[in-house]
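Student: Take a look at the following structure, please.
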Amino acid sequence: MSSEQPSGFEAAREPESATDGRLQILATEHWSLLATRSLSYTESFSRVSMFLSVLSGAVIALALIAQADRFGETFVLIAILLLSVVIFVGVATTARLMTINRDDMRWVIGMNRLRHAYLEMHPELEPYFISGRYDDLRGVLLTLGLDSMPRRSRMTLVHGMQTLPGMLSVIVSVVVAALGALLVVAFSGPKEAAVAVAVAGFLISFTAFSVWGRRAVRYRTVLTPRFARPEDAAQSER
């Protein structure tokens, strides 16, 4: 009897030990994704700060040059050069932010899959989770806190302008408008033409950024769902 008890005890403890090992591995991956998201946010803020520093430096330099040149030809030429550099930095920063946002969605999908694994092993913990457990679009929006937004306004222009890429697109579009007006002035164009070119430059630039932003982050181009909601999976099969 005594010789059989340890073997029975080990057999009873074996599944629990295996579960504990899986939980440890999943938790390690979860913390790794959290650290990666934190680094992504840090890089986003650093990129935006760098762009704003370049923009502020350009504006200060133009203000000093304007005092010395009285808005003459030298000022216009230097302004065209500096604003061109600002636009380049702004476009590069926006492109990087869009890439970071796409990567962040990938990490969120991974974290949702890990929560799905947690609840598969311990389904009794489901009432305590407020983040998404499915890796479909609805699950990602739940984790990002966007599930409470009305469906029609989820990807609207107002929400897009609240994001870092959207905010930068407005600023860069204003710089593009200013550069267009300066080009008209450099060729001795009338004021009406300068205003028209500035308005057209802003609208074209902002529209281009908006289309670019909508196409940059698409859920199906990030990862294919593996654990979609049962009702969503049934609709997709139909």
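We name chains A, B, ... following the order of the structure tokens; residues begin at 1 in each chain, and ligands are numbered from 1 as shown.
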For segment 110-126 of chain A, find every residue with an atom within 7 Å (counting only C-alpha atoms), except residues of its own chain fewer than 4 positions away, and show them as a ChimeraX atom specification.

Tutor: /A:26,30,106,132-135

Student: Would you write out those residues with C-alpha atoms, as a PDB file, in the first residue's frame?

Tutor:
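again-v8.pdb, written as the output of this step:
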ATOM      1  CA  LEU A  26       2.353  32.299 -21.045  1.00  0.00           C
ATOM      2  CA  HIS A  30       2.671  38.362 -21.655  1.00  0.00           C
ATOM      3  CA  ARG A 106       0.090  42.955 -33.372  1.00  0.00           C
ATOM      4  CA  GLY A 132     -10.450  41.027 -24.888  1.00  0.00           C
ATOM      5  CA  ARG A 133      -9.953  37.275 -24.991  1.00  0.00           C
ATOM      6  CA  TYR A 134     -10.502  36.923 -28.759  1.00  0.00           C
ATOM      7  CA  ASP A 135      -7.972  37.912 -31.403  1.00  0.00           C
TER       8      ASP A 135
END

Student: Fewer than 6 positions away in the same chain doesn't count, so skip those; otherwise give me all residues within 10 Å of Glu192 of chain A, counting only C-alpha atoms, as a short mmCIF file (atom, residue, chain, number, x, y, z; two decimals) with N, CA and C atoms, in the first residue's frame.

Tutor:
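Writing the result to part-v5.cif gives the following:
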data_model
loop_
_atom_site.label_atom_id
_atom_site.label_comp_id
_atom_site.auth_asym_id
_atom_site.auth_seq_id
_atom_site.Cartn_x
_atom_site.Cartn_y
_atom_site.Cartn_z
N ALA A 181 2.56 78.64 -50.40
CA ALA A 181 2.42 80.09 -50.50
C ALA A 181 3.76 80.78 -50.73
N VAL A 184 4.81 80.55 -54.35
CA VAL A 184 4.12 81.53 -55.19
C VAL A 184 4.75 82.90 -55.02
N ALA A 198 -2.07 77.79 -50.98
CA ALA A 198 -1.96 77.35 -49.58
C ALA A 198 -3.15 76.48 -49.18
#

Student: Which is closer to Ile78 of chain A than all the others in A:Phe202, A:Thr28, A:Leu183, A:Pro190, using only C-alpha atoms?

Tutor: A:Leu183

Student: Would you list the contacts of Ser169 of chain A as a list in words, taking every protein, DNA or RNA residue within 8 Å and counting only C-alpha atoms, but skipping same-chain residues closer than 5 positions in sequence?

Tutor: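 Returned residues: Gly90, Thr94, Ser205, Phe206, Phe209 and Ser210 of chain A.
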
Student: If you keep N, CA and C atoms, can you produce a file of those selected residues as a compact mmCIF listing (two decimals), in the first residue's frame?

Tutor:
# COMPACT_ATOMS: atom_id res chain seq x y z
N GLY A 90 8.55 65.57 -40.83
CA GLY A 90 7.17 65.27 -40.47
C GLY A 90 6.64 64.03 -41.16
N THR A 94 5.61 60.61 -39.26
CA THR A 94 4.27 60.04 -39.41
C THR A 94 4.33 58.60 -39.90
N SER A 205 -2.66 67.67 -49.00
CA SER A 205 -1.77 66.99 -48.06
C SER A 205 -2.57 66.25 -46.99
N PHE A 206 -3.57 66.90 -46.42
CA PHE A 206 -4.35 66.26 -45.37
C PHE A 206 -5.13 65.07 -45.90
N PHE A 209 -2.67 62.19 -46.31
CA PHE A 209 -2.36 61.60 -45.00
C PHE A 209 -3.52 60.74 -44.49
N SER A 210 -4.74 61.22 -44.70
CA SER A 210 -5.91 60.47 -44.22
C SER A 210 -6.03 59.12 -44.93

Student: Give the answer as one residue: which of A:Arg214, A:Lys191, A:His159, A:Arg138 has the shortest atom-to-atom distance to Phe227 of chain A, using only C-alpha atoms?

Tutor: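 Of A:Arg214, A:Lys191, A:His159, A:Arg138, the one nearest Phe227 of chain A is A:Arg138, counting only C-alpha atoms.
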
Student: How many Å separate atom CA of Phe71 of chain A from atom CA of Leu52 of chain A?

Tutor: 23.8 Å

Student: Go through A:Thr74, A:Gln24, A:Ser173, A:Thr163 and flag the residue nearest Ala186 of chain A, using only C-alpha atoms for the distances.

Tutor: A:Thr74

Student: Go through A:Arg22, A:Ser40, A:Leu82, A:Val197 and flag the residue nearest Ile65 of chain A, using only C-alpha atoms for the distances.

Tutor: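 Of A:Arg22, A:Ser40, A:Leu82, A:Val197, the one nearest Ile65 of chain A, counting only C-alpha atoms, is A:Leu82.
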
Student: So which one's closest to Ala61 of chain A, A:Val211, A:Val48, A:Leu83, A:Ala27? Using only C-alpha atoms, please.

Tutor: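 Among the listed residues, A:Leu83 lies closest to Ala61 of chain A.
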
Student: Record the distance separating atom CA of Val54 of chain A and atom CA of Leu164 of chain A, expressed in Å with one decimal.

Tutor: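 Spanning atom CA of Val54 of chain A to atom CA of Leu164 of chain A is a straight-line distance of 16.5 Å.
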
Student: Looking only at the backbone, which of the residues in segment 82-150 of chain A does DSSP tag as helix (DSSP H, G or I), as number ranges by chain?

Tutor: A: 82-121, 123-128, 137-144

Student: Let me make sure I understand: among A:Thr93, A:Gln162, A:Ser84, A:Thr143, which one has the smallest atom-to-atom distance to Ser46 of chain A if we use only C-alpha atoms?

Tutor: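 Distance minimum relative to Ser46 of chain A lands on A:Thr93.
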